[in-house]
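Each remark here refers to the structure printed beneath this line.
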Amino acid sequence: MIARRAARVRPRSRALRALVCAAAGMLALSACSGESAGASGGDSNIVEGTGLVTTVPAGERKQVPDLTGESTHGEPLALADYRGQVVVLNVWGSWCAPCRAEAPNLAAVAADTEDRGVQFIGINTRDLEAANARAFDRTYGIEYPSFFDPKGNLILEFPRNTLPPQGIPSTLVIDRE
C-alpha cells in the first residue's frame, strides 16, 4: 500500500516512520531551495513543487503498481522484490537541477537507514541515455538501484493522485504493507 503513516504502529515502527518522513521532508525542502538547485519555474521547464509532505490516510491508500523493468545499470529490477520493506521511491533525472541538489542528501539518508529495512529506489526519467544516469550515480554517491525509464512509462502506471509526477524530483514513501 502507498503510505506515509499508519493508524497503529509499534514504537520501533513509529520511530522508523518518523525518521523516513522527516528525511523525505528534509529532502523535499532541500530540493526546493538554495542556489545550488538552480532556477525553478519561469522559462526553465522545471515545475516547482510546494515542498510539503503529504500524508495519505490508511483508508485512502491505493495499491502500488508492480513496477518491473531494467535498471540504469542494465539489470532486471522489480519493485515487488522489496515487499515488506519501507521503500523510498524517488523520481529523478540527471538533467534536473533540483535532483542534483537533493542527491547527496538522498544518498546519505539511504546509507543511514539501510540497516533498518529501508530501501531507496529511483525512477530515472527523461534521460535518453543510461550513461547519463550512471554518471549521476557516480557523481553523487548513489548506491541504490534506479529504474531506467526514459519515456516516463513507469510513472504512468501509478493510480492518479498517488505519485506526484507534476514535479521532478518527487519522493514517495511506501510502507511495509
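Ligands are numbered from 1 in the order shown, residues from 1 within each chain, and chains are lettered A, B, ... in the order they appear in the C-alpha cells.
Taking only C-alpha atoms, the non-local environment of segment 145-161 of chain A within 7 Å (same-chain residues fewer than 2 positions away omitted) comprises Val64, Pro65, Leu67, Gly69, Glu70, Ser71, Thr72, Leu77, Ile121, Gly122, Ile123, Asn124, Thr125, Arg126, Asp127, Leu128, Ala130, Glu143, Leu163 and Pro164 of chain A.
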Let me see the file: selected residues, N, CA, C and O atoms, as a PDB file, in the first residue's frame.
```pdb
ATOM      1  N   VAL A  64       0.298  -0.118  -4.781  1.00  0.00           N
ATOM      2  CA  VAL A  64       1.430   0.283  -5.609  1.00  0.00           C
ATOM      3  C   VAL A  64       1.473  -0.639  -6.819  1.00  0.00           C
ATOM      4  O   VAL A  64       1.297  -1.848  -6.688  1.00  0.00           O
ATOM      5  N   PRO A  65       1.704  -0.104  -8.008  1.00  0.00           N
ATOM      6  CA  PRO A  65       1.787  -0.973  -9.186  1.00  0.00           C
ATOM      7  C   PRO A  65       3.031  -1.858  -9.111  1.00  0.00           C
ATOM      8  O   PRO A  65       4.017  -1.515  -8.452  1.00  0.00           O
ATOM      9  N   LEU A  67       5.903  -2.464 -10.538  1.00  0.00           N
ATOM     10  CA  LEU A  67       6.858  -1.919 -11.497  1.00  0.00           C
ATOM     11  C   LEU A  67       7.948  -2.934 -11.777  1.00  0.00           C
ATOM     12  O   LEU A  67       8.530  -3.513 -10.858  1.00  0.00           O
ATOM     13  N   GLY A  69      11.251  -3.603 -14.749  1.00  0.00           N
ATOM     14  CA  GLY A  69      11.984  -3.039 -15.872  1.00  0.00           C
ATOM     15  C   GLY A  69      13.463  -3.289 -15.723  1.00  0.00           C
ATOM     16  O   GLY A  69      13.891  -4.191 -15.005  1.00  0.00           O
ATOM     17  N   GLU A  70      14.200  -2.439 -16.360  1.00  0.00           N
ATOM     18  CA  GLU A  70      15.650  -2.544 -16.342  1.00  0.00           C
ATOM     19  C   GLU A  70      16.214  -1.389 -15.524  1.00  0.00           C
ATOM     20  O   GLU A  70      15.704  -0.275 -15.576  1.00  0.00           O
ATOM     21  N   SER A  71      17.261  -1.681 -14.778  1.00  0.00           N
ATOM     22  CA  SER A  71      17.899  -0.627 -14.001  1.00  0.00           C
ATOM     23  C   SER A  71      18.780   0.220 -14.913  1.00  0.00           C
ATOM     24  O   SER A  71      19.029  -0.138 -16.067  1.00  0.00           O
ATOM     25  N   THR A  72      19.266   1.308 -14.378  1.00  0.00           N
ATOM     26  CA  THR A  72      20.171   2.175 -15.130  1.00  0.00           C
ATOM     27  C   THR A  72      21.491   1.468 -15.431  1.00  0.00           C
ATOM     28  O   THR A  72      22.263   1.921 -16.266  1.00  0.00           O
ATOM     29  N   LEU A  77      14.995  -5.187 -12.620  1.00  0.00           N
ATOM     30  CA  LEU A  77      14.606  -4.539 -11.370  1.00  0.00           C
ATOM     31  C   LEU A  77      13.092  -4.664 -11.233  1.00  0.00           C
ATOM     32  O   LEU A  77      12.354  -4.412 -12.194  1.00  0.00           O
ATOM     33  N   ILE A 121      14.826   3.401  -3.928  1.00  0.00           N
ATOM     34  CA  ILE A 121      14.797   3.007  -5.334  1.00  0.00           C
ATOM     35  C   ILE A 121      14.487   4.268  -6.134  1.00  0.00           C
ATOM     36  O   ILE A 121      13.626   5.055  -5.751  1.00  0.00           O
ATOM     37  N   GLY A 122      15.174   4.441  -7.227  1.00  0.00           N
ATOM     38  CA  GLY A 122      14.922   5.584  -8.085  1.00  0.00           C
ATOM     39  C   GLY A 122      14.157   5.202  -9.330  1.00  0.00           C
ATOM     40  O   GLY A 122      14.138   4.043  -9.731  1.00  0.00           O
ATOM     41  N   ILE A 123      13.511   6.188  -9.911  1.00  0.00           N
ATOM     42  CA  ILE A 123      12.969   6.068 -11.267  1.00  0.00           C
ATOM     43  C   ILE A 123      13.620   7.192 -12.053  1.00  0.00           C
ATOM     44  O   ILE A 123      13.289   8.362 -11.891  1.00  0.00           O
ATOM     45  N   ASN A 124      14.599   6.830 -12.865  1.00  0.00           N
ATOM     46  CA  ASN A 124      15.285   7.807 -13.699  1.00  0.00           C
ATOM     47  C   ASN A 124      14.411   8.052 -14.917  1.00  0.00           C
ATOM     48  O   ASN A 124      14.088   7.130 -15.662  1.00  0.00           O
ATOM     49  N   THR A 125      14.010   9.290 -15.137  1.00  0.00           N
ATOM     50  CA  THR A 125      13.103   9.602 -16.231  1.00  0.00           C
ATOM     51  C   THR A 125      13.665  10.700 -17.134  1.00  0.00           C
ATOM     52  O   THR A 125      14.414  11.564 -16.677  1.00  0.00           O
ATOM     53  N   ARG A 126      13.310  10.615 -18.388  1.00  0.00           N
ATOM     54  CA  ARG A 126      13.656  11.591 -19.426  1.00  0.00           C
ATOM     55  C   ARG A 126      15.142  11.671 -19.755  1.00  0.00           C
ATOM     56  O   ARG A 126      15.554  12.569 -20.473  1.00  0.00           O
ATOM     57  N   ASP A 127      15.942  10.773 -19.222  1.00  0.00           N
ATOM     58  CA  ASP A 127      17.329  10.648 -19.664  1.00  0.00           C
ATOM     59  C   ASP A 127      17.318   9.656 -20.808  1.00  0.00           C
ATOM     60  O   ASP A 127      16.929   8.503 -20.627  1.00  0.00           O
ATOM     61  N   LEU A 128      17.731  10.077 -21.985  1.00  0.00           N
ATOM     62  CA  LEU A 128      17.677   9.189 -23.150  1.00  0.00           C
ATOM     63  C   LEU A 128      18.810   8.178 -23.163  1.00  0.00           C
ATOM     64  O   LEU A 128      18.722   7.159 -23.844  1.00  0.00           O
ATOM     65  N   ALA A 130      21.292   5.818 -20.637  1.00  0.00           N
ATOM     66  CA  ALA A 130      21.536   5.315 -19.282  1.00  0.00           C
ATOM     67  C   ALA A 130      22.902   5.770 -18.769  1.00  0.00           C
ATOM     68  O   ALA A 130      23.103   5.881 -17.558  1.00  0.00           O
ATOM     69  N   GLU A 143      24.040   4.655  -4.420  1.00  0.00           N
ATOM     70  CA  GLU A 143      24.343   3.228  -4.496  1.00  0.00           C
ATOM     71  C   GLU A 143      23.098   2.369  -4.623  1.00  0.00           C
ATOM     72  O   GLU A 143      23.202   1.164  -4.843  1.00  0.00           O
ATOM     73  N   LEU A 163       1.282   9.336  -6.935  1.00  0.00           N
ATOM     74  CA  LEU A 163       2.672   9.770  -7.072  1.00  0.00           C
ATOM     75  C   LEU A 163       2.627  11.150  -7.690  1.00  0.00           C
ATOM     76  O   LEU A 163       1.966  11.358  -8.703  1.00  0.00           O
ATOM     77  N   PRO A 164       3.330  12.095  -7.120  1.00  0.00           N
ATOM     78  CA  PRO A 164       3.239  13.452  -7.656  1.00  0.00           C
ATOM     79  C   PRO A 164       4.223  13.727  -8.796  1.00  0.00           C
ATOM     80  O   PRO A 164       5.199  14.434  -8.621  1.00  0.00           O
TER      81      PRO A 164
END
```
Item to check | Pick from A:Ala133, A:Ala101, A:Leu172, A:Val118, whichever lies nearest to Val86 of chain A using only C-alpha atoms | outcome: A:Val118
Checklist entry - If we count only C-alpha atoms, what is near Thr171 of chain A at a cut-off of 7 Å, once residues fewer than 3 positions away on the same chain are taken out, given as a PyMOL selection string? => result chain A and resi 24+88-91
Got time to write the residues from that selection, C-alpha atoms, as an mmCIF file, in the first residue's frame?
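Saved file again-v1.cif follows:
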```
data_model
loop_
_atom_site.group_PDB
_atom_site.id
_atom_site.type_symbol
_atom_site.label_atom_id
_atom_site.label_comp_id
_atom_site.auth_asym_id
_atom_site.auth_seq_id
_atom_site.Cartn_x
_atom_site.Cartn_y
_atom_site.Cartn_z
ATOM 1 C CA ALA A 24 11.725 12.849 2.966
ATOM 2 C CA VAL A 88 11.547 5.390 -0.580
ATOM 3 C CA LEU A 89 10.833 5.869 -4.280
ATOM 4 C CA ASN A 90 12.431 8.921 -5.865
ATOM 5 C CA VAL A 91 11.674 10.153 -9.397
#
```
Item to check | Point-to-point distance from atom CA of Val53 of chain A to atom CA of Arg138 of chain A, Å rounded to tenths | outcome: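 Distance reported for this atom pair: 28.2 Å.
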Next on the checklist: Between atom CA of Ala58 of chain A and atom CA of Leu106 of chain A, what distance in Å does the model show, to one decimal?
Outcome noted: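 So the two atoms, atom CA of Ala58 of chain A and atom CA of Leu106 of chain A, lie 25.7 Å apart.
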Checklist entry - Using only C-alpha atoms, which residue out of A:Val87, A:Cys96, A:Ala103, A:Ile142 lies closest to Gly117 of chain A? => result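 Ranking A:Val87, A:Cys96, A:Ala103, A:Ile142 by distance to Gly117 of chain A, first place goes to A:Val87.
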Next on the checklist: Quick check for you: according to DSSP on this backbone, which residues of segment 27-176 of chain A are classed as helix (DSSP H, G or I)? Reply as a ChimeraX atom specification.
Outcome noted: /A:27-31,35-37,58-60,79-82,97-116,130-140,155-157
Next on the checklist: When you count only C-alpha atoms, which of these residues is closest to Arg134 of chain A: A:Pro104, A:Pro98, A:Pro57, A:Gly93?
Outcome noted: A:Gly93
Checklist entry - Can you tell me how far atom CA of Asp81 of chain A sits from atom CA of Gly167 of chain A, in Å to one decimal? => result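 Those two atoms sit 26.5 Å apart.
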